[in-house]
>>> print(open('structure28.pdb').read())   # PDB, C-alpha atoms and all ligand atoms
ATOM      1  CA  MET A   1     -23.941-165.111  69.706
ATOM      2  CA  THR A   2     -22.245-168.488  70.101
ATOM      3  CA  PHE A   3     -19.071-167.803  72.035
ATOM      4  CA  VAL A   4     -18.852-165.941  75.353
ATOM      5  CA  LEU A   5     -15.775-164.979  77.341
ATOM      6  CA  PRO A   6     -14.852-167.889  79.632
ATOM      7  CA  GLU A   7     -14.444-166.969  83.288
ATOM      8  CA  LEU A   8     -11.076-167.493  84.907
ATOM      9  CA  SER A   9     -10.930-170.025  87.717
ATOM     10  CA  PHE A  10      -8.675-167.673  89.731
ATOM     11  CA  ALA A  11      -8.576-163.938  90.504
ATOM     12  CA  TYR A  12      -6.637-161.502  88.320
ATOM     13  CA  ASP A  13      -4.063-160.994  91.076
ATOM     14  CA  ALA A  14      -3.697-164.695  91.873
ATOM     15  CA  LEU A  15      -0.665-165.218  89.632
ATOM     16  CA  GLU A  16       1.400-162.427  91.194
ATOM     17  CA  PRO A  17       4.283-161.838  91.347
ATOM     18  CA  HIS A  18       4.820-163.967  88.225
ATOM     19  CA  ILE A  19       2.083-162.349  86.156
ATOM     20  CA  ASP A  20       0.666-159.070  87.470
ATOM     21  CA  ALA A  21      -3.018-158.368  88.048
ATOM     22  CA  ARG A  22      -3.278-155.452  85.606
ATOM     23  CA  THR A  23      -1.809-157.520  82.757
ATOM     24  CA  MET A  24      -4.180-160.389  83.536
ATOM     25  CA  GLU A  25      -7.180-158.051  83.683
ATOM     26  CA  ILE A  26      -6.435-156.388  80.339
ATOM     27  CA  HIS A  27      -5.362-159.618  78.672
ATOM     28  CA  HIS A  28      -8.532-161.432  79.708
ATOM     29  CA  SER A  29     -11.242-158.758  79.835
ATOM     30  CA  LYS A  30     -10.072-156.739  76.810
ATOM     31  CA  HIS A  31      -7.981-158.897  74.468
ATOM     32  CA  HIS A  32      -9.726-162.224  74.977
ATOM     33  CA  GLN A  33     -13.101-160.478  74.911
ATOM     34  CA  TRP A  34     -12.151-158.826  71.624
ATOM     35  CA  TYR A  35     -11.249-162.154  69.981
ATOM     36  CA  THR A  36     -14.489-163.627  71.299
ATOM     37  CA  ASN A  37     -16.580-160.814  69.838
ATOM     38  CA  LYS A  38     -14.704-160.911  66.569
ATOM     39  CA  VAL A  39     -15.082-164.641  66.020
ATOM     40  CA  ASN A  40     -18.827-164.450  66.544
ATOM     41  CA  ALA A  41     -18.952-161.844  63.785
ATOM     42  CA  ALA A  42     -16.487-163.713  61.550
ATOM     43  CA  LEU A  43     -18.509-166.939  61.695
ATOM     44  CA  GLU A  44     -21.782-165.275  60.717
ATOM     45  CA  TRP A  45     -23.131-166.558  57.407
ATOM     46  CA  THR A  46     -20.483-169.270  57.179
ATOM     47  CA  ALA A  47     -21.119-173.025  56.962
ATOM     48  CA  LEU A  48     -19.789-173.428  60.527
ATOM     49  CA  GLU A  49     -21.888-170.645  62.048
ATOM     50  CA  SER A  50     -23.574-172.938  64.582
ATOM     51  CA  GLU A  51     -20.481-175.017  65.427
ATOM     52  CA  THR A  52     -19.547-174.614  69.097
ATOM     53  CA  ASN A  53     -16.203-176.473  69.109
ATOM     54  CA  MET A  54     -13.456-174.025  68.124
ATOM     55  CA  SER A  55     -10.883-176.800  67.616
ATOM     56  CA  PHE A  56     -13.259-178.368  65.102
ATOM     57  CA  ILE A  57     -13.695-175.050  63.294
ATOM     58  CA  LEU A  58      -9.943-174.405  63.066
ATOM     59  CA  SER A  59      -9.269-177.910  61.783
ATOM     60  CA  HIS A  60     -12.041-177.685  59.152
ATOM     61  CA  LEU A  61     -11.200-174.321  57.612
ATOM     62  CA  ASP A  62     -11.842-175.703  54.132
ATOM     63  CA  GLN A  63     -15.536-175.474  55.042
ATOM     64  CA  ILE A  64     -15.251-171.679  55.404
ATOM     65  CA  ALA A  65     -15.405-169.537  52.280
ATOM     66  CA  GLU A  66     -11.935-168.354  51.334
ATOM     67  CA  GLU A  67     -12.662-164.651  51.779
ATOM     68  CA  LYS A  68     -13.789-165.254  55.384
ATOM     69  CA  ARG A  69     -11.157-167.814  56.343
ATOM     70  CA  GLN A  70      -8.359-165.540  57.605
ATOM     71  CA  ALA A  71     -10.761-163.608  59.842
ATOM     72  CA  VAL A  72     -11.864-166.900  61.413
ATOM     73  CA  VAL A  73      -8.218-167.954  61.901
ATOM     74  CA  ASN A  74      -7.268-164.649  63.518
ATOM     75  CA  SER A  75     -10.240-164.309  65.849
ATOM     76  CA  GLY A  76     -11.056-167.983  66.391
ATOM     77  CA  GLY A  77      -7.409-168.789  66.992
ATOM     78  CA  GLY A  78      -7.192-165.914  69.454
ATOM     79  CA  ARG A  79     -10.289-167.131  71.183
ATOM     80  CA  LEU A  80      -9.041-170.743  71.518
ATOM     81  CA  ASN A  81      -5.399-169.888  72.259
ATOM     82  CA  HIS A  82      -6.295-167.722  75.237
ATOM     83  CA  SER A  83      -8.818-170.245  76.577
ATOM     84  CA  ILE A  84      -6.120-172.926  76.586
ATOM     85  CA  PHE A  85      -3.586-170.519  78.088
ATOM     86  CA  TRP A  86      -5.776-169.655  81.111
ATOM     87  CA  SER A  87      -6.942-173.210  81.646
ATOM     88  CA  THR A  88      -3.364-174.488  82.037
ATOM     89  CA  MET A  89      -2.443-171.861  84.650
ATOM     90  CA  TRP A  90      -2.647-172.067  88.399
ATOM     91  CA  PRO A  91      -1.137-169.799  91.092
ATOM     92  CA  ASP A  92       2.207-170.841  92.509
ATOM     93  CA  TRP A  93       2.162-174.347  91.153
ATOM     94  CA  TRP A  94       4.717-176.353  93.104
ATOM     95  CA  GLY A  95       4.621-179.561  91.154
ATOM     96  CA  ALA A  96       6.010-181.072  88.022
ATOM     97  CA  PRO A  97       4.465-183.397  85.453
ATOM     98  CA  GLU A  98       3.506-186.799  86.860
ATOM     99  CA  TRP A  99       2.624-190.266  85.575
ATOM    100  CA  ALA A 100       2.179-190.662  81.829
ATOM    101  CA  LEU A 101       3.032-187.059  81.004
ATOM    102  CA  ALA A 102       6.251-187.199  83.047
ATOM    103  CA  ASP A 103       7.265-190.413  81.276
ATOM    104  CA  MET A 104       6.529-188.940  77.862
ATOM    105  CA  ILE A 105       8.535-185.791  78.630
ATOM    106  CA  ASN A 106      11.514-187.802  79.882
ATOM    107  CA  GLU A 107      11.372-190.120  76.907
ATOM    108  CA  THR A 108      11.099-187.319  74.358
ATOM    109  CA  PHE A 109      13.347-184.636  75.821
ATOM    110  CA  GLY A 110      15.661-186.615  78.119
ATOM    111  CA  SER A 111      14.548-184.932  81.353
ATOM    112  CA  PHE A 112      12.121-182.326  82.648
ATOM    113  CA  ASP A 113      14.938-179.765  82.860
ATOM    114  CA  SER A 114      15.966-180.453  79.305
ATOM    115  CA  PHE A 115      12.339-180.078  78.189
ATOM    116  CA  LYS A 116      12.113-176.704  79.966
ATOM    117  CA  GLU A 117      15.335-175.610  78.299
ATOM    118  CA  GLN A 118      14.121-176.580  74.828
ATOM    119  CA  PHE A 119      10.684-175.031  75.385
ATOM    120  CA  THR A 120      12.336-171.817  76.615
ATOM    121  CA  GLN A 121      14.533-171.767  73.538
ATOM    122  CA  LYS A 122      11.444-172.012  71.312
ATOM    123  CA  ALA A 123       9.651-169.267  73.250
ATOM    124  CA  SER A 124      12.697-166.995  73.116
ATOM    125  CA  THR A 125      12.945-167.285  69.356
ATOM    126  CA  VAL A 126       9.350-166.539  68.389
ATOM    127  CA  PHE A 127       9.761-163.489  66.179
ATOM    128  CA  GLY A 128       7.099-160.921  67.031
ATOM    129  CA  SER A 129       3.702-162.164  68.084
ATOM    130  CA  GLY A 130       3.026-165.851  68.655
ATOM    131  CA  ARG A 131       3.472-168.784  70.982
ATOM    132  CA  ALA A 132       5.714-171.661  71.899
ATOM    133  CA  ARG A 133       3.850-174.904  72.433
ATOM    134  CA  LEU A 134       4.085-178.435  73.659
ATOM    135  CA  CYS A 135       1.857-180.526  71.394
ATOM    136  CA  GLN A 136       1.021-184.089  70.498
ATOM    137  CA  ASP A 137       1.395-185.151  66.891
ATOM    138  CA  GLU A 138      -0.918-187.538  65.033
ATOM    139  CA  ASN A 139       0.892-190.507  66.614
ATOM    140  CA  GLY A 140       0.512-189.108  70.115
ATOM    141  CA  LYS A 141       4.196-188.183  70.352
ATOM    142  CA  LEU A 142       5.243-184.946  72.085
ATOM    143  CA  VAL A 143       6.643-182.174  69.899
ATOM    144  CA  LEU A 144       7.630-178.569  70.453
ATOM    145  CA  LYS A 145       6.314-176.014  68.024
ATOM    146  CA  ARG A 146       6.331-172.276  67.471
ATOM    147  CA  THR A 147       3.173-170.693  66.090
ATOM    148  CA  SER A 148       2.765-167.176  64.718
ATOM    149  CA  PHE A 149       0.057-164.611  65.369
ATOM    150  CA  GLN A 150      -3.089-166.468  66.485
ATOM    151  CA  ASP A 151      -2.510-169.676  64.544
ATOM    152  CA  ASN A 152      -3.442-172.778  66.530
ATOM    153  CA  PRO A 153      -1.646-176.146  66.203
ATOM    154  CA  VAL A 154      -4.900-177.923  65.259
ATOM    155  CA  MET A 155      -4.527-176.128  61.915
ATOM    156  CA  SER A 156      -1.528-178.388  61.227
ATOM    157  CA  ASN A 157      -2.895-181.581  62.804
ATOM    158  CA  LEU A 158      -1.185-181.066  66.156
ATOM    159  CA  HIS A 159      -2.963-181.175  69.508
ATOM    160  CA  PRO A 160      -1.892-178.335  71.859
ATOM    161  CA  LEU A 161      -1.104-179.241  75.480
ATOM    162  CA  LEU A 162       0.801-176.272  76.906
ATOM    163  CA  GLY A 163       1.777-172.891  75.529
ATOM    164  CA  ILE A 164       3.093-169.475  76.321
ATOM    165  CA  ASP A 165       1.754-166.302  74.731
ATOM    166  CA  VAL A 166       4.784-164.141  73.926
ATOM    167  CA  ARG A 167       2.904-161.259  72.343
ATOM    168  CA  GLU A 168       3.993-158.146  74.217
ATOM    169  CA  HIS A 169       0.503-157.568  75.667
ATOM    170  CA  ALA A 170       1.094-160.740  77.719
ATOM    171  CA  TYR A 171       4.000-159.295  79.692
ATOM    172  CA  TYR A 172       5.037-155.762  78.747
ATOM    173  CA  LEU A 173       3.495-153.871  81.700
ATOM    174  CA  ASN A 174       5.554-155.866  84.166
ATOM    175  CA  TYR A 175       8.531-157.148  82.187
ATOM    176  CA  GLN A 176       8.922-154.549  79.389
ATOM    177  CA  ASN A 177      11.526-155.948  76.978
ATOM    178  CA  ARG A 178      12.608-158.741  79.360
ATOM    179  CA  ARG A 179      10.851-161.600  77.620
ATOM    180  CA  PRO A 180      13.262-164.197  79.099
ATOM    181  CA  ASP A 181      12.176-163.236  82.632
ATOM    182  CA  TYR A 182       8.522-163.617  81.664
ATOM    183  CA  ILE A 183       9.192-167.014  80.063
ATOM    184  CA  ALA A 184      11.002-168.141  83.222
ATOM    185  CA  ALA A 185       8.050-166.959  85.322
ATOM    186  CA  ARG A 186       5.634-169.104  83.302
ATOM    187  CA  TRP A 187       7.002-172.255  84.982
ATOM    188  CA  ASN A 188       5.707-171.017  88.345
ATOM    189  CA  VAL A 189       2.124-170.930  87.118
ATOM    190  CA  VAL A 190       1.735-174.076  85.007
ATOM    191  CA  ASP A 191      -1.089-176.363  86.119
ATOM    192  CA  TRP A 192       0.458-179.716  85.180
ATOM    193  CA  THR A 193      -2.679-181.610  86.156
ATOM    194  CA  LYS A 194      -4.630-179.647  83.547
ATOM    195  CA  VAL A 195      -1.883-180.149  80.977
ATOM    196  CA  ALA A 196      -1.973-183.924  81.616
ATOM    197  CA  GLU A 197      -5.781-183.915  81.286
ATOM    198  CA  ARG A 198      -5.335-182.566  77.766
ATOM    199  CA  LEU A 199      -3.365-185.655  76.654
ATOM    200  CA  GLN A 200      -5.063-187.590  73.894
TER
HETATM  201 MN    MN A 301      -2.587-162.739  74.235
END
>>> encode(input="structure28.pdb", output="structure tokens")
Amino acid sequence: MTFVLPELSFAYDALEPHIDARTMEIHHSKHHQWYTNKVNAALEWTALESETNMSFILSHLDQIAEEKRQAVVNSGGGRLNHSIFWSTMWPDWWGAPEWALADMINETFGSFDSFKEQFTQKASTVFGSGRARLCQDENGKLVLKRTSFQDNPVMSNLHPLLGIDVREHAYYLNYQNRRPDYIAARWNVVDWTKVAERLQ
């Protein structure tokens, strides 16, 4: 087995009241575990069976036999998407982007507030299951993107920096149908240092 469930660097209840402990526990220990198990099975007997970099796998899908490809996208994307999601979270983050990332956000979106507005708009208009993302394109420029299901931006040559999972399992226990409240809460738990570390 190649991939194992990554441990969180904070407790399940650490993000409360923004994201509740029960949601975090199920999301991490059940959903993320499921994607992890599934991708190990999906990669068996493929050309990338021993590859340990999921971004590499998802950006080299042509090396996976066609009949196995969608299973790798679904489970491998789920595996990578959730790993990125947790790693860019931190309890009660008080800060905002700094240095290069702050400059890039201001240059691209006009201001941090305007960026948040545009990101929120993307997240609000994901139909069904998926994510809104801040990514870097091939030229290093910031772009906003919506992705569906467990697709990852690396599949379309984009590098993901920050995202929000808007599948109902990410918020329904606490927010029910109030996705806008959940999206607003995400800003309280963004680890901007980790997001900046992802810059390429
Ligand atoms: Mn999820």
>>> closest_atom_pairs(input="structure28.pdb", of="chain A", to="ligand MN 301 (chain A)", cutoff="12 Å", atoms="all atoms listed in the file", output="Markdown table")
| residue | atom | partner | partner_atom | distance |
| --- | --- | --- | --- | --- |
| A:Thr23 | CA | A:MN301 | MN | 10.0 |
| A:Met24 | CA | A:MN301 | MN | 9.7 |
| A:Glu25 | CA | A:MN301 | MN | 11.5 |
| A:Ile26 | CA | A:MN301 | MN | 9.6 |
| A:His27 | CA | A:MN301 | MN | 6.1 |
| A:His28 | CA | A:MN301 | MN | 8.2 |
| A:Ser29 | CA | A:MN301 | MN | 11.1 |
| A:Lys30 | CA | A:MN301 | MN | 9.9 |
| A:His31 | CA | A:MN301 | MN | 6.6 |
| A:His32 | CA | A:MN301 | MN | 7.2 |
| A:Gln33 | CA | A:MN301 | MN | 10.8 |
| A:Trp34 | CA | A:MN301 | MN | 10.7 |
| A:Tyr35 | CA | A:MN301 | MN | 9.7 |
| A:Asn74 | CA | A:MN301 | MN | 11.8 |
| A:Ser75 | CA | A:MN301 | MN | 11.5 |
| A:Gly77 | CA | A:MN301 | MN | 10.6 |
| A:Gly78 | CA | A:MN301 | MN | 7.4 |
| A:Arg79 | CA | A:MN301 | MN | 9.4 |
| A:Leu80 | CA | A:MN301 | MN | 10.6 |
| A:Asn81 | CA | A:MN301 | MN | 7.9 |
| A:His82 | CA | A:MN301 | MN | 6.3 |
| A:Ser83 | CA | A:MN301 | MN | 10.0 |
| A:Ile84 | CA | A:MN301 | MN | 11.0 |
| A:Phe85 | CA | A:MN301 | MN | 8.7 |
| A:Trp86 | CA | A:MN301 | MN | 10.3 |
| A:Ser129 | CA | A:MN301 | MN | 8.8 |
| A:Gly130 | CA | A:MN301 | MN | 8.5 |
| A:Arg131 | CA | A:MN301 | MN | 9.2 |
| A:Ser148 | CA | A:MN301 | MN | 11.8 |
| A:Phe149 | CA | A:MN301 | MN | 9.4 |
| A:Gln150 | CA | A:MN301 | MN | 8.6 |
| A:Asp151 | CA | A:MN301 | MN | 11.9 |
| A:Gly163 | CA | A:MN301 | MN | 11.1 |
| A:Ile164 | CA | A:MN301 | MN | 9.1 |
| A:Asp165 | CA | A:MN301 | MN | 5.6 |
| A:Val166 | CA | A:MN301 | MN | 7.5 |
| A:Arg167 | CA | A:MN301 | MN | 6.0 |
| A:Glu168 | CA | A:MN301 | MN | 8.0 |
| A:His169 | CA | A:MN301 | MN | 6.2 |
| A:Ala170 | CA | A:MN301 | MN | 5.4 |
| A:Tyr171 | CA | A:MN301 | MN | 9.2 |
| A:Tyr172 | CA | A:MN301 | MN | 11.3 |
>>> axis_aligned_box(input="structure28.pdb", around="stretch 166-184 of chain A", padding_each_side="5 Å", output="AutoDock Vina command-line options")
--center_x 6.9 --center_y -161.0 --center_z 78.3 --size_x 22.8 --size_y 24.3 --size_z 21.8
>>> atom_distance(input="structure28.pdb", atom1="atom CA of A:Glu98", atom2="atom CA of A:Arg198")
13.4 Å
>>> atom_distance(input="structure28.pdb", atom1="atom CA of A:Phe109", atom2="atom CA of A:Thr88")
20.5 Å
>>> atom_distance(input="structure28.pdb", atom1="atom CA of A:Asp113", atom2="atom CA of A:Trp192")
14.7 Å
>>> residues_around(input="structure28.pdb", residues="A:Leu162", least_positions_apart="5", cutoff="7 Å", atoms="all atoms listed in the file", output="ChimeraX atom specification")
/A:88,133-134,195
>>> residues_around(input="structure28.pdb", residues="A:Leu142", least_positions_apart="5", cutoff="8 Å", atoms="all atoms listed in the file", output="list of chain:residue names")
A:Met104, A:Ile105, A:Thr108, A:Leu134, A:Cys135, A:Gln136, A:Asp137
>>> closest_residue(input="structure28.pdb", among="A:Met89, A:Leu173, A:Ile183, A:Leu161", to="A:Ala21", atoms="all atoms listed in the file")
A:Leu173
>>> resolve_selection(input="structure28.pdb", expression="the PyMOL selection byres (((chain A and resi 50-66) around 12) and not hetatm)", output="VMD selection string")
chain A and resid 1 to 4 36 39 to 40 42 to 49 67 to 84 150 to 160
>>> resolve_selection(input="structure28.pdb", expression="the PyMOL selection byres (((chain A and resi 115) around 12) and not hetatm)", output="list of chain:residue names")
A:Ala96, A:Pro97, A:Leu101, A:Ala102, A:Asp103, A:Met104, A:Ile105, A:Asn106, A:Glu107, A:Thr108, A:Phe109, A:Gly110, A:Ser111, A:Phe112, A:Asp113, A:Ser114, A:Lys116, A:Glu117, A:Gln118, A:Phe119, A:Thr120, A:Gln121, A:Lys122, A:Arg133, A:Leu134, A:Leu142, A:Val143, A:Leu144, A:Trp187
>>> closest_residue(input="structure28.pdb", among="A:Asn37, A:Thr147, A:Pro17, A:Val126", to="A:Leu5", atoms="only C-alpha atoms")
A:Asn37
>>> closest_residue(input="structure28.pdb", among="A:Ala123, A:Pro91, A:Ala41, A:Gly128", to="A:Ala11", atoms="all atoms listed in the file")
A:Pro91
>>> resolve_selection(input="structure28.pdb", expression="the PyMOL selection byres (((chain A and resi 188) around 6) and not hetatm)", output="VMD selection string")
chain A and resid 92 to 93 185 to 187 189
>>> closest_residue(input="structure28.pdb", among="A:Asn174, A:Gln200, A:Asn139, A:Ser87", to="A:Glu16", atoms="all atoms listed in the file")
A:Asn174
>>> closest_residue(input="structure28.pdb", among="A:Ala100, A:Tyr175, A:Gly95, A:Val190", to="A:Lys141", atoms="only C-alpha atoms")
A:Ala100
>>> build_atoms(input="structure28.pdb", residues="stretch 48-59 of chain A", atoms="all heavy atoms", output="tab-separated table (two decimals), in the frame of the given file")
chain	number	residue	atom	x	y	z
A	48	LEU	N	-20.03	-172.95	59.16
A	48	LEU	CA	-19.79	-173.43	60.53
A	48	LEU	C	-20.35	-172.47	61.57
A	48	LEU	O	-19.93	-172.47	62.74
A	48	LEU	CB	-18.28	-173.64	60.74
A	48	LEU	CG	-17.63	-174.71	59.85
A	48	LEU	CD1	-16.14	-174.83	60.13
A	48	LEU	CD2	-18.30	-176.07	60.05
A	49	GLU	N	-21.32	-171.67	61.17
A	49	GLU	CA	-21.89	-170.64	62.05
A	49	GLU	C	-22.40	-171.21	63.37
A	49	GLU	O	-22.28	-170.57	64.41
A	49	GLU	CB	-23.02	-169.93	61.32
A	49	GLU	CG	-23.59	-168.76	62.07
A	49	GLU	CD	-24.64	-168.01	61.25
A	49	GLU	OE1	-25.23	-168.62	60.34
A	49	GLU	OE2	-24.85	-166.82	61.51
A	50	SER	N	-22.98	-172.40	63.35
A	50	SER	CA	-23.57	-172.94	64.58
A	50	SER	C	-22.65	-173.94	65.29
A	50	SER	O	-23.05	-174.55	66.29
A	50	SER	CB	-24.93	-173.58	64.28
A	50	SER	OG	-24.77	-174.55	63.26
A	51	GLU	N	-21.44	-174.10	64.79
A	51	GLU	CA	-20.48	-175.02	65.43
A	51	GLU	C	-19.97	-174.40	66.73
A	51	GLU	O	-19.60	-173.23	66.77
A	51	GLU	CB	-19.31	-175.28	64.46
A	51	GLU	CG	-18.21	-176.14	65.02
A	51	GLU	CD	-18.67	-177.51	65.50
A	51	GLU	OE1	-19.34	-178.22	64.74
A	51	GLU	OE2	-18.38	-177.84	66.67
A	52	THR	N	-19.95	-175.17	67.80
A	52	THR	CA	-19.55	-174.61	69.10
A	52	THR	C	-18.15	-175.08	69.53
A	52	THR	O	-17.65	-174.64	70.56
A	52	THR	CB	-20.54	-175.03	70.20
A	52	THR	OG1	-20.63	-176.46	70.22
A	52	THR	CG2	-21.92	-174.43	69.95
A	53	ASN	N	-17.54	-175.98	68.77
A	53	ASN	CA	-16.20	-176.47	69.11
A	53	ASN	C	-15.16	-175.75	68.25
A	53	ASN	O	-15.06	-175.99	67.05
A	53	ASN	CB	-16.16	-177.99	68.86
A	53	ASN	CG	-14.82	-178.60	69.25
A	53	ASN	OD1	-13.79	-177.94	69.22
A	53	ASN	ND2	-14.85	-179.86	69.61
A	54	MET	N	-14.40	-174.85	68.89
A	54	MET	CA	-13.46	-174.02	68.12
A	54	MET	C	-12.33	-174.86	67.51
A	54	MET	O	-11.85	-174.54	66.43
A	54	MET	CB	-12.88	-172.92	69.01
A	54	MET	CG	-12.10	-171.88	68.24
A	54	MET	SD	-13.09	-171.00	67.01
A	54	MET	CE	-14.03	-169.92	68.09
A	55	SER	N	-11.91	-175.93	68.19
A	55	SER	CA	-10.88	-176.80	67.62
A	55	SER	C	-11.39	-177.43	66.32
A	55	SER	O	-10.64	-177.55	65.35
A	55	SER	CB	-10.50	-177.92	68.59
A	55	SER	OG	-9.89	-177.38	69.72
A	56	PHE	N	-12.67	-177.80	66.32
A	56	PHE	CA	-13.26	-178.37	65.10
A	56	PHE	C	-13.25	-177.32	63.98
A	56	PHE	O	-12.86	-177.61	62.85
A	56	PHE	CB	-14.70	-178.84	65.37
A	56	PHE	CG	-15.35	-179.46	64.17
A	56	PHE	CD1	-15.25	-180.82	63.94
A	56	PHE	CD2	-16.03	-178.66	63.25
A	56	PHE	CE1	-15.84	-181.39	62.79
A	56	PHE	CE2	-16.61	-179.22	62.10
A	56	PHE	CZ	-16.51	-180.59	61.88
A	57	ILE	N	-13.65	-176.11	64.31
A	57	ILE	CA	-13.70	-175.05	63.29
A	57	ILE	C	-12.31	-174.84	62.69
A	57	ILE	O	-12.14	-174.80	61.46
A	57	ILE	CB	-14.23	-173.73	63.92
A	57	ILE	CG1	-15.71	-173.90	64.30
A	57	ILE	CG2	-14.04	-172.56	62.95
A	57	ILE	CD1	-16.28	-172.75	65.12
A	58	LEU	N	-11.29	-174.73	63.55
A	58	LEU	CA	-9.94	-174.40	63.07
A	58	LEU	C	-9.28	-175.58	62.36
A	58	LEU	O	-8.28	-175.39	61.66
A	58	LEU	CB	-9.07	-173.91	64.23
A	58	LEU	CG	-9.51	-172.56	64.82
A	58	LEU	CD1	-8.74	-172.26	66.09
A	58	LEU	CD2	-9.32	-171.42	63.80
A	59	SER	N	-9.82	-176.78	62.53
A	59	SER	CA	-9.27	-177.91	61.78
A	59	SER	C	-10.16	-178.27	60.58
A	59	SER	O	-9.91	-179.27	59.91
A	59	SER	CB	-9.06	-179.12	62.71
A	59	SER	OG	-10.24	-179.42	63.42
